[in-house]
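What follows is the content of run25.cif (mmCIF, C-alpha atoms).
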```
data_run
#
loop_
_atom_site.label_atom_id
_atom_site.label_comp_id
_atom_site.auth_asym_id
_atom_site.auth_seq_id
_atom_site.Cartn_x
_atom_site.Cartn_y
_atom_site.Cartn_z
CA MET A 1 -81.91 189.46 33.94
CA THR A 2 -80.64 192.95 33.16
CA ALA A 3 -79.45 192.90 29.54
CA ILE A 4 -79.92 191.38 26.11
CA ALA A 5 -77.03 190.89 23.68
CA VAL A 6 -77.12 189.77 20.06
CA VAL A 7 -74.66 187.70 18.08
CA GLY A 8 -75.12 189.03 14.57
CA THR A 9 -73.80 191.44 11.97
CA PRO A 10 -73.69 195.08 13.10
CA GLY A 11 -75.99 197.22 10.98
CA ASP A 12 -77.79 194.26 9.46
CA ARG A 13 -81.57 194.67 9.19
CA ARG A 14 -82.18 191.74 11.50
CA VAL A 15 -80.07 193.32 14.23
CA THR A 16 -81.49 196.82 13.85
CA MET A 17 -85.10 195.63 13.71
CA PHE A 18 -84.63 193.55 16.84
CA ALA A 19 -83.00 196.55 18.56
CA ASP A 20 -85.95 198.72 17.54
CA ALA A 21 -88.31 196.17 19.07
CA CYS A 22 -86.31 196.27 22.30
CA ALA A 23 -86.53 200.07 22.34
CA ARG A 24 -90.30 199.91 21.98
CA ARG A 25 -90.35 197.86 25.18
CA GLY A 26 -88.20 200.41 26.97
CA LEU A 27 -85.09 198.26 26.85
CA LYS A 28 -81.51 199.25 26.39
CA GLU A 29 -80.13 198.75 22.86
CA PRO A 30 -78.55 195.28 22.78
CA PRO A 31 -74.79 195.22 22.24
CA VAL A 32 -73.78 193.22 19.16
CA VAL A 33 -71.16 190.50 19.16
CA PRO A 34 -70.08 190.38 15.49
CA TRP A 35 -70.13 187.01 13.81
CA THR A 36 -66.79 187.87 12.27
CA SER A 37 -65.25 188.07 15.76
CA VAL A 38 -66.81 184.75 16.74
CA LEU A 39 -65.60 183.03 13.58
CA ARG A 40 -62.07 184.43 13.92
CA GLY A 41 -61.86 182.88 17.36
CA GLU A 42 -61.70 186.19 19.23
CA GLU A 43 -62.85 186.47 22.81
CA ILE A 44 -66.62 186.58 23.20
CA GLY A 45 -67.48 189.04 25.92
CA ILE A 46 -70.76 188.08 27.61
CA GLY A 47 -71.66 189.89 30.80
CA PRO A 48 -73.35 188.28 33.80
CA GLU A 49 -77.13 187.97 33.78
CA THR A 50 -77.25 188.53 30.00
CA LEU A 51 -79.79 187.02 27.63
CA VAL A 52 -77.97 186.18 24.40
CA ARG A 53 -79.75 185.98 21.07
CA ILE A 54 -78.07 184.26 18.12
CA ASP A 55 -79.07 185.77 14.79
CA SER A 56 -78.08 185.09 11.21
CA PRO A 57 -74.76 186.38 9.83
CA GLY A 58 -76.90 187.89 7.08
CA GLU A 59 -75.15 188.89 3.89
CA ASP A 60 -71.87 189.99 5.44
CA ALA A 61 -69.15 189.18 2.91
CA GLU A 62 -66.42 188.79 5.52
CA ALA A 63 -68.47 186.37 7.59
CA ASP A 64 -69.32 184.44 4.44
CA ALA A 65 -65.63 184.12 3.56
CA LEU A 66 -64.83 182.92 7.07
CA LEU A 67 -67.58 180.33 6.83
CA ARG A 68 -67.18 179.09 3.24
CA GLY A 69 -63.69 180.21 2.34
CA PRO A 70 -62.65 182.94 -0.11
CA GLY A 71 -64.68 183.50 -3.25
CA ALA A 72 -67.55 185.48 -4.67
CA PRO A 73 -70.37 185.80 -2.13
CA SER A 74 -72.82 185.08 -4.95
CA ARG A 75 -71.42 181.61 -5.57
CA VAL A 76 -73.56 178.57 -4.89
CA GLY A 77 -71.92 175.81 -2.89
CA GLY A 78 -69.76 175.42 0.16
CA GLY A 79 -72.83 174.72 2.25
CA ALA A 80 -71.29 171.82 4.17
CA ARG A 81 -68.32 173.98 5.14
CA TRP A 82 -70.65 176.87 6.02
CA HIS A 83 -72.72 174.58 8.23
CA ALA A 84 -69.72 173.19 10.05
CA GLY A 85 -68.27 176.66 10.64
CA PHE A 86 -71.56 178.14 11.77
CA VAL A 87 -72.30 175.32 14.22
CA ALA A 88 -68.76 175.53 15.61
CA GLY A 89 -69.16 179.30 16.06
CA ALA A 90 -72.52 178.87 17.76
CA ALA A 91 -70.96 176.30 20.08
CA ARG A 92 -68.29 178.87 21.00
CA VAL A 93 -71.06 181.30 21.89
CA ARG A 94 -72.74 178.62 23.99
CA ARG A 95 -69.55 178.04 25.96
CA ALA A 96 -69.09 181.77 26.51
CA VAL A 97 -72.65 182.09 27.80
CA ALA A 98 -72.17 179.10 30.09
CA ALA A 99 -69.10 180.77 31.58
CA ALA A 100 -70.96 184.01 32.37
CA PRO A 101 -72.81 183.82 35.72
CA GLY A 102 -76.55 183.85 35.22
CA ALA A 103 -76.36 184.33 31.45
CA VAL A 104 -78.84 182.48 29.24
CA LEU A 105 -78.58 181.51 25.58
CA LEU A 106 -81.90 182.14 23.80
CA ALA A 107 -81.28 179.36 21.29
CA ASP A 108 -80.42 175.71 21.15
CA VAL A 109 -77.33 175.08 19.05
CA GLU A 110 -78.43 171.55 18.17
CA ASP A 111 -81.83 172.81 17.03
CA VAL A 112 -80.16 175.32 14.74
CA ALA A 113 -77.76 172.68 13.41
CA VAL A 114 -80.68 170.42 12.48
CA MET A 115 -82.72 173.19 10.87
CA PHE A 116 -79.75 174.06 8.67
CA ASP A 117 -79.50 170.44 7.49
CA LYS A 118 -82.54 169.72 5.33
CA ARG A 119 -82.03 165.96 5.57
CA ARG A 120 -81.98 165.90 9.38
CA CYS A 121 -84.78 168.46 9.61
CA HIS A 122 -87.00 166.39 7.31
CA ALA A 123 -86.24 163.25 9.32
CA ARG A 124 -87.04 164.93 12.64
CA LEU A 125 -90.33 166.29 11.35
CA SER A 126 -91.29 162.98 9.78
CA ALA A 127 -90.50 161.06 12.98
CA ALA A 128 -92.80 163.43 14.89
CA GLY A 129 -95.67 162.83 12.49
CA VAL A 130 -95.50 166.28 10.91
CA PRO A 131 -96.59 166.02 7.26
CA VAL A 132 -93.65 166.40 4.86
CA PRO A 133 -93.19 165.39 1.22
CA PRO A 134 -91.66 161.95 0.69
CA ALA A 135 -87.89 162.14 0.21
CA LEU A 136 -85.20 159.92 -1.23
CA ALA A 137 -83.23 158.18 1.49
CA GLY A 138 -79.46 158.33 1.70
CA PRO A 139 -76.98 160.34 -0.37
CA VAL A 140 -77.54 161.18 -4.04
CA GLY A 141 -74.18 161.34 -5.75
CA GLY A 142 -74.97 163.13 -9.01
CA TYR A 143 -77.34 163.50 -11.93
CA ALA A 144 -77.17 159.90 -13.18
CA GLU A 145 -77.90 158.55 -9.72
CA LEU A 146 -80.65 161.12 -9.22
CA ARG A 147 -82.41 160.01 -12.42
CA GLU A 148 -81.98 156.37 -11.48
CA ARG A 149 -83.44 156.94 -8.02
CA MET A 150 -86.30 158.98 -9.47
CA GLY A 151 -87.08 156.11 -11.82
CA GLU A 152 -87.05 153.57 -9.01
CA ALA A 153 -89.44 155.75 -6.99
CA ARG A 154 -91.57 156.48 -10.08
CA TRP A 155 -91.20 160.19 -9.47
CA GLY A 156 -91.22 162.37 -12.56
CA ARG A 157 -91.01 165.66 -10.66
CA VAL A 158 -88.84 166.46 -7.67
CA PHE A 159 -87.33 169.31 -5.73
CA VAL A 160 -83.56 169.03 -5.44
CA LYS A 161 -82.26 171.02 -2.48
CA PRO A 162 -78.68 171.58 -1.33
CA ALA A 163 -78.61 169.96 2.11
CA HIS A 164 -77.32 173.10 3.81
CA GLY A 165 -78.67 175.80 1.53
CA SER A 166 -80.81 178.75 2.55
CA SER A 167 -82.87 181.41 0.79
CA ALA A 168 -83.52 178.91 -2.03
CA SER A 169 -79.83 178.98 -2.98
CA GLY A 170 -79.24 176.27 -5.58
CA ILE A 171 -82.72 174.79 -5.31
CA ILE A 172 -83.98 172.99 -8.44
CA ALA A 173 -87.56 172.17 -9.38
CA LEU A 174 -86.90 169.29 -11.78
CA HIS A 175 -89.29 167.67 -14.22
CA ALA A 176 -87.78 164.74 -16.08
CA SER A 177 -89.25 162.28 -18.58
CA GLY A 178 -86.83 160.25 -20.65
CA ARG A 179 -84.33 162.65 -22.22
CA ARG A 180 -86.68 165.60 -21.78
CA VAL A 181 -85.85 167.66 -18.71
CA ARG A 182 -86.89 171.01 -17.33
CA ALA A 183 -85.05 172.50 -14.36
CA VAL A 184 -86.31 175.69 -12.74
CA THR A 185 -83.69 177.13 -10.42
CA SER A 186 -82.33 180.23 -8.72
CA ALA A 187 -78.82 179.25 -9.82
CA GLU A 188 -77.15 180.74 -12.87
CA LEU A 189 -74.69 178.51 -14.69
CA THR A 190 -71.80 180.65 -15.93
CA SER A 191 -68.56 179.24 -17.32
CA GLY A 192 -69.02 176.02 -15.43
CA GLU A 193 -69.79 177.75 -12.13
CA LEU A 194 -73.03 178.32 -10.23
CA HIS A 195 -74.01 181.69 -8.83
CA ASN A 196 -77.13 182.85 -7.04
CA SER A 197 -79.37 185.06 -9.08
CA LEU A 198 -82.36 187.17 -8.19
CA ARG A 199 -84.01 185.89 -11.35
CA ILE A 200 -85.42 182.39 -11.71
CA ARG A 201 -83.96 180.51 -14.66
CA CYS A 202 -85.11 177.51 -16.66
CA TYR A 203 -82.71 174.94 -18.15
CA GLU A 204 -83.92 172.36 -20.65
CA ASP A 205 -80.62 171.12 -22.02
CA GLU A 206 -79.83 167.88 -20.19
CA PRO A 207 -76.03 168.34 -20.10
CA ASP A 208 -76.56 171.70 -18.39
CA VAL A 209 -78.94 170.17 -15.86
CA ALA A 210 -76.52 167.32 -15.23
CA LEU A 211 -73.69 169.80 -14.68
CA ILE A 212 -75.77 171.86 -12.23
CA VAL A 213 -76.71 168.79 -10.19
CA GLY A 214 -73.12 167.58 -10.33
CA LEU A 215 -71.83 170.89 -8.98
CA LEU A 216 -74.30 170.77 -6.08
CA ALA A 217 -73.93 167.10 -5.17
CA PRO A 218 -70.57 167.17 -3.31
CA ASP A 219 -72.09 169.31 -0.55
CA GLY A 220 -74.99 166.89 -0.14
CA LEU A 221 -78.47 166.87 -1.64
CA HIS A 222 -81.95 166.48 -0.23
CA VAL A 223 -84.48 165.32 -2.83
CA GLU A 224 -88.23 165.49 -2.24
CA ARG A 225 -91.14 164.43 -4.38
CA TRP A 226 -92.79 167.45 -5.96
CA PHE A 227 -95.75 168.67 -3.90
CA PRO A 228 -98.34 170.31 -6.19
CA LYS A 229 -99.30 173.58 -4.50
CA ALA A 230 -102.55 175.49 -4.42
CA SER A 231 -102.81 178.65 -6.45
CA LEU A 232 -104.62 181.97 -6.32
CA GLY A 233 -104.88 184.45 -9.15
CA GLY A 234 -102.68 182.33 -11.39
CA ARG A 235 -99.84 182.14 -8.87
CA ALA A 236 -98.68 179.14 -6.86
CA ILE A 237 -98.74 179.87 -3.13
CA ASP A 238 -97.32 178.72 0.15
CA LEU A 239 -97.10 180.21 3.63
CA ARG A 240 -94.30 181.40 5.86
CA VAL A 241 -95.61 181.11 9.40
CA VAL A 242 -93.60 182.46 12.33
CA VAL A 243 -94.09 180.53 15.54
CA VAL A 244 -93.04 182.35 18.72
CA ASP A 245 -92.80 180.43 21.98
CA GLY A 246 -95.00 177.67 20.58
CA THR A 247 -97.73 179.90 19.13
CA PRO A 248 -98.15 180.80 15.45
CA THR A 249 -98.13 184.58 15.58
CA HIS A 250 -97.49 185.79 12.03
CA ALA A 251 -98.14 184.49 8.53
CA VAL A 252 -97.41 185.73 5.05
CA VAL A 253 -98.60 184.28 1.77
CA ARG A 254 -95.81 183.84 -0.77
CA ALA A 255 -97.09 183.76 -4.35
CA GLY A 256 -95.05 183.05 -7.46
CA ARG A 257 -95.55 182.52 -11.18
CA GLY A 258 -93.64 179.24 -10.94
CA PRO A 259 -92.73 176.62 -8.36
CA VAL A 260 -90.33 178.89 -6.43
CA THR A 261 -92.24 181.44 -4.33
CA ASN A 262 -89.46 183.09 -2.27
CA LEU A 263 -90.11 186.81 -1.99
CA HIS A 264 -86.56 187.81 -2.93
CA LEU A 265 -86.82 185.72 -6.11
CA GLY A 266 -89.79 187.47 -7.66
CA GLY A 267 -92.47 186.15 -5.34
CA VAL A 268 -95.01 188.59 -3.95
CA ARG A 269 -97.02 188.77 -0.76
CA GLY A 270 -100.42 187.31 -1.44
CA ASP A 271 -103.83 187.84 0.11
CA LEU A 272 -103.92 186.02 3.44
CA GLY A 273 -107.64 186.66 3.77
CA ALA A 274 -108.27 184.88 0.48
CA VAL A 275 -106.20 181.91 1.64
CA THR A 276 -107.97 181.59 4.98
CA ALA A 277 -111.33 181.88 3.22
CA ALA A 278 -110.38 179.14 0.76
CA LEU A 279 -109.23 176.88 3.60
CA GLY A 280 -112.21 177.61 5.80
CA PRO A 281 -112.02 177.84 9.60
CA ARG A 282 -111.18 174.16 10.09
CA GLY A 283 -108.56 174.11 7.36
CA TRP A 284 -106.89 177.28 8.64
CA ALA A 285 -106.87 175.93 12.20
CA ARG A 286 -105.25 172.72 10.94
CA ALA A 287 -102.62 174.70 9.02
CA LEU A 288 -101.63 176.61 12.16
CA GLU A 289 -101.70 173.41 14.23
CA ILE A 290 -99.25 171.75 11.82
CA CYS A 291 -96.94 174.76 12.06
CA ALA A 292 -97.07 174.63 15.85
CA ARG A 293 -96.22 170.91 15.74
CA ALA A 294 -93.30 171.58 13.42
CA ALA A 295 -91.98 174.26 15.78
CA ALA A 296 -92.39 171.89 18.73
CA CYS A 297 -89.78 169.65 17.13
CA PHE A 298 -87.28 172.38 18.07
CA PRO A 299 -88.19 173.08 21.69
CA GLY A 300 -85.03 175.03 22.47
CA SER A 301 -85.79 177.68 19.85
CA LEU A 302 -87.78 180.72 20.89
CA ALA A 303 -88.98 181.39 17.34
CA VAL A 304 -88.87 179.60 14.00
CA GLY A 305 -90.25 180.22 10.53
CA VAL A 306 -92.25 177.33 9.09
CA ASP A 307 -92.75 177.10 5.33
CA LEU A 308 -96.09 175.37 4.85
CA MET A 309 -97.33 174.13 1.48
CA ILE A 310 -101.04 173.80 0.77
CA GLY A 311 -102.12 171.13 -1.71
CA VAL A 312 -104.08 171.86 -4.86
CA ASP A 313 -107.15 170.37 -3.19
CA TRP A 314 -106.83 172.91 -0.33
CA ARG A 315 -106.98 170.01 2.14
CA GLU A 316 -103.51 168.47 2.10
CA PHE A 317 -100.53 170.15 3.79
CA ALA A 318 -96.79 169.55 3.89
CA VAL A 319 -93.96 171.37 5.64
CA ALA A 320 -91.21 172.32 3.20
CA GLU A 321 -88.74 173.90 5.63
CA VAL A 322 -88.28 175.03 9.20
CA ASN A 323 -86.07 178.10 9.36
CA ALA A 324 -83.98 179.09 12.36
CA PHE A 325 -83.96 182.70 11.13
CA GLY A 326 -87.30 182.90 9.37
CA ASP A 327 -88.53 186.03 11.14
CA LEU A 328 -87.30 188.77 8.77
CA LEU A 329 -90.72 189.94 7.61
CA PRO A 330 -90.86 193.74 7.70
CA ARG A 331 -94.21 195.50 8.00
CA LEU A 332 -96.03 192.33 9.00
CA GLU A 333 -98.37 192.44 11.99
CA GLY A 334 -99.58 189.53 14.07
CA LEU A 335 -102.43 187.24 13.09
CA PRO A 336 -105.91 188.07 14.34
CA GLY A 337 -106.52 185.97 17.42
CA GLY A 338 -102.90 184.87 17.55
CA GLY A 339 -102.03 186.97 20.58
CA ALA A 340 -99.61 189.25 18.72
CA GLU A 341 -102.05 191.60 17.03
CA GLY A 342 -100.39 194.89 16.18
CA LEU A 343 -96.90 193.49 16.81
CA GLY A 344 -94.12 192.74 14.36
CA THR A 345 -92.21 189.47 14.48
CA TYR A 346 -89.39 190.95 16.57
CA ASP A 347 -91.80 192.72 18.93
CA ALA A 348 -93.52 189.40 19.59
CA GLN A 349 -90.19 187.77 20.39
CA VAL A 350 -89.09 190.53 22.76
CA ARG A 351 -92.42 190.27 24.54
CA ALA A 352 -91.97 186.50 24.86
CA ILE A 353 -88.45 186.96 26.21
CA LEU A 354 -89.68 189.39 28.85
CA ALA A 355 -92.58 187.13 29.79
CA ARG A 356 -90.22 184.22 30.30
CA TYR A 357 -87.28 185.94 31.98
CA ALA A 358 -88.70 189.11 33.55
CA PRO A 359 -92.35 188.28 34.24
CA ALA A 360 -92.65 190.57 37.25
CA SER A 361 -91.55 193.76 35.52
CA PRO A 362 -92.70 195.63 32.41
CA GLY A 363 -89.14 195.84 31.07
CA MET A 364 -85.51 195.50 31.91
CA SER A 365 -83.33 198.24 33.22
CA ARG A 366 -81.84 200.80 30.93
#
```
Using structure tokens, write down the structure from this file.
Amino acid sequence: MTAIAVVGTPGDRRVTMFADACARRGLKEPPVVPWTSVLRGEEIGIGPETLVRIDSPGEDAEADALLRGPGAPSRVGGGARWHAGFVAGAARVRRAVAAAPGAVLLADVEDVAVMFDKRRCHARLSAAGVPVPPALAGPVGGYAELRERMGEARWGRVFVKPAHGSSASGIIALHASGRRVRAVTSAELTSGELHNSLRIRCYEDEPDVALIVGLLAPDGLHVERWFPKASLGGRAIDLRVVVVDGTPTHAVVRAGRGPVTNLHLGGVRGDLGAVTAALGPRGWARALEICARAAACFPGSLAVGVDLMIGVDWREFAVAEVNAFGDLLPRLEGLPGGGAEGLGTYDAQVRAILARYAPASPGMSR
């Protein structure tokens, strides 16, 4: 193989950080096939013998409009349309790669499609014996049905997730008992519309909560029983673990004052050393083993980000998500003993690509 190309958004951090990792290996800067071109149906130029990486469209407003339709990029919703458009675009890339002699796609379109559907992802993990929180089966049509199903399951606390959401968009941590409700969410309800916010909000008025759930329901919902998470220093924690070529290489502790720990929503990076000490050697080894098993459910994907929850007893684990593009973790070096010490997440992936496709040479031609 003589070249790497990236399907992404030119100038996006993901693209530039991957290009920087290529440069550190002495590789030529990968050309970028813009997602906007793919989604508009323009010709996808893939040269022979090219390794093609599919990355996230990121926060490109034009790509978002092509995927979800016109509207404010901050709006919550349109996930089903986004998913269908993204998978169709990725399939176009797959066909273009197949038509280029010797070219290889460094992703499995079906893997990505499943990871971006929380219902299918949960089902695949569960079928493989990977620990996940129990979930309500079948569609949930709205707030009244959600409360009815919660009552039948005897669940007072649940996480309500848009089936195709990402970055915690529209997620609700719901506690309900009779007419008393408390919904913690990243969504801001404004004039009957939902918009993403960088500030976590709490709604305790049941009509508001019902409206929020009702606005999310048409795109599909995935509802899981609340998994009580361990805490350190007064903050609930979970882990984002990046698994590269089957091996957990990087981990970051995400710590939050409430149930939502995402770093862009007020969460902070916690002390990984404190977490590994609390788990002990056997517990930490089991945590990484679970992440490796979760990644193995997506064998066509070079790297995934696994969100692992640790129970309050520090013995129970559950996988919350598996992310196709969960590697955007700047300034994070590899785990001790994980084989990627001193390397960032993109450096580890470039090394894995070279090991797989150019094992006899230190790098590809400039």
Enumerate, in order of chain and increasing residue number, the residues of stretch 151-200 of chain A with an atom no farther than 10 Å from stretch 216-222 of chain A, each with its shortest atom pair and distance in Å to one decimal, counting all atoms listed in the file, as JSON lines.
```
{"residue": "A:Phe159", "atom": "CA", "partner": "A:His222", "partner_atom": "CA", "distance": 8.2}
{"residue": "A:Val160", "atom": "CA", "partner": "A:His222", "partner_atom": "CA", "distance": 6.0}
{"residue": "A:Lys161", "atom": "CA", "partner": "A:His222", "partner_atom": "CA", "distance": 5.1}
{"residue": "A:Pro162", "atom": "CA", "partner": "A:Leu221", "partner_atom": "CA", "distance": 4.7}
{"residue": "A:Ala163", "atom": "CA", "partner": "A:Leu221", "partner_atom": "CA", "distance": 4.9}
{"residue": "A:His164", "atom": "CA", "partner": "A:Gly220", "partner_atom": "CA", "distance": 7.7}
{"residue": "A:Gly165", "atom": "CA", "partner": "A:Asp219", "partner_atom": "CA", "distance": 9.5}
{"residue": "A:Gly170", "atom": "CA", "partner": "A:Leu216", "partner_atom": "CA", "distance": 7.4}
{"residue": "A:Ile171", "atom": "CA", "partner": "A:Leu216", "partner_atom": "CA", "distance": 9.4}
{"residue": "A:Leu194", "atom": "CA", "partner": "A:Leu216", "partner_atom": "CA", "distance": 8.7}
```
Residues in the PyMOL selection byres ((chain A and resi 132-136) around 6), expressed as a PDB file with C-alpha atoms, in the coordinates of the input:
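Produced file expr.pdb, reproduced below:
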```
ATOM      1  CA  PRO A 131     -96.590 166.020   7.260  1.00  0.00           C
ATOM      2  CA  ALA A 137     -83.230 158.180   1.490  1.00  0.00           C
ATOM      3  CA  VAL A 223     -84.480 165.320  -2.830  1.00  0.00           C
ATOM      4  CA  GLU A 224     -88.230 165.490  -2.240  1.00  0.00           C
ATOM      5  CA  ARG A 225     -91.140 164.430  -4.380  1.00  0.00           C
ATOM      6  CA  ALA A 318     -96.790 169.550   3.890  1.00  0.00           C
ATOM      7  CA  VAL A 319     -93.960 171.370   5.640  1.00  0.00           C
TER       8      VAL A 319
END
```
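Minimum atom-to-atom distance to A:Arg154, evaluated using all atoms listed in the file, belongs to A:Trp226 out of A:Ser166, A:Trp226, A:Gln349, A:Val112.
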**Message:** When you count only C-alpha atoms, which of these residues is closest to A:Thr249: A:Gly26, A:Gly47, A:Gly11, A:Gly337?
**Reply:** A:Gly337
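Between A:Pro30 and the candidates A:Ala355, A:Ala144, A:Val350, A:Val322, the tightest atom-to-atom separation, counting all atoms listed in the file, involves A:Val350.
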**Request:** Do a neighbour search on A:Tyr346 at 8 Å with only C-alpha atoms, toss out local chain neighbours closer than 2 positions, and write the hits as a count of residues only.
**Result:** 9
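The shortest atom-to-atom distance to A:Arg81, with only C-alpha atoms taken into account, belongs to A:Asp117 out of A:Asp117, A:Glu29, A:Glu152, A:Glu110.
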**Hits of the PyMOL selection byres ((chain A and resi 108) around 12) in this structure, as an NGL selection string** = :A and (52-55 or 87 or 90-91 or 93-94 or 104-107 or 109-115 or 297-304 or 324)
**Item:** Neighbour residues at most 10 Å from (-73.8, 170.5, -14.9) (all atoms listed in the file) as an MDAnalysis selection string
**Value:** chainID A and resid 142:143 189 192:194 205:216
**Request:** Would you mind reading off the distance between atom CA of A:Leu329 and atom CA of A:His250, one decimal, in Å?
**Result:** 9.1 Å
Counting all atoms listed in the file, select every polymer residue within 10 Å of (-103.1, 168.3, 0.6) as defined in the file's coordinates, and provide the selection as a JSON list (two decimals) with C-alpha atoms, in the frame of the given file.
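File produced: out-v3.json:
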```
[["chain", "number", "residue", "atom", "x", "y", "z"],
["A", 131, "PRO", "CA", -96.59, 166.02, 7.26],
["A", 227, "PHE", "CA", -95.75, 168.67, -3.90],
["A", 228, "PRO", "CA", -98.34, 170.31, -6.19],
["A", 229, "LYS", "CA", -99.30, 173.58, -4.50],
["A", 230, "ALA", "CA", -102.55, 175.49, -4.42],
["A", 309, "MET", "CA", -97.33, 174.13, 1.48],
["A", 310, "ILE", "CA", -101.04, 173.80, 0.77],
["A", 311, "GLY", "CA", -102.12, 171.13, -1.71],
["A", 312, "VAL", "CA", -104.08, 171.86, -4.86],
["A", 313, "ASP", "CA", -107.15, 170.37, -3.19],
["A", 314, "TRP", "CA", -106.83, 172.91, -0.33],
["A", 315, "ARG", "CA", -106.98, 170.01, 2.14],
["A", 316, "GLU", "CA", -103.51, 168.47, 2.10],
["A", 317, "PHE", "CA", -100.53, 170.15, 3.79],
["A", 318, "ALA", "CA", -96.79, 169.55, 3.89]]
```
**Item:** the PyMOL selection byres ((chain A and resi 246) around 9) resolved against shown file, as a list in words
**Value:** Val243, Val244, Asp245, Thr247, Pro248, Ala292, Arg293, Ala295, Ala296, Pro299, Leu302 and Ala303 of chain A
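Take atom CA of A:Tyr203 and atom CA of A:Ala183: the distance between them is 5.1 Å.
Closest approach to A:Leu332 among A:Gly69, A:Thr345, A:Arg254, A:His175 is made by A:Thr345 (distances from only C-alpha atoms).
Atom CA of A:Ala168 is positioned 21.6 Å from atom CA of A:Trp155.
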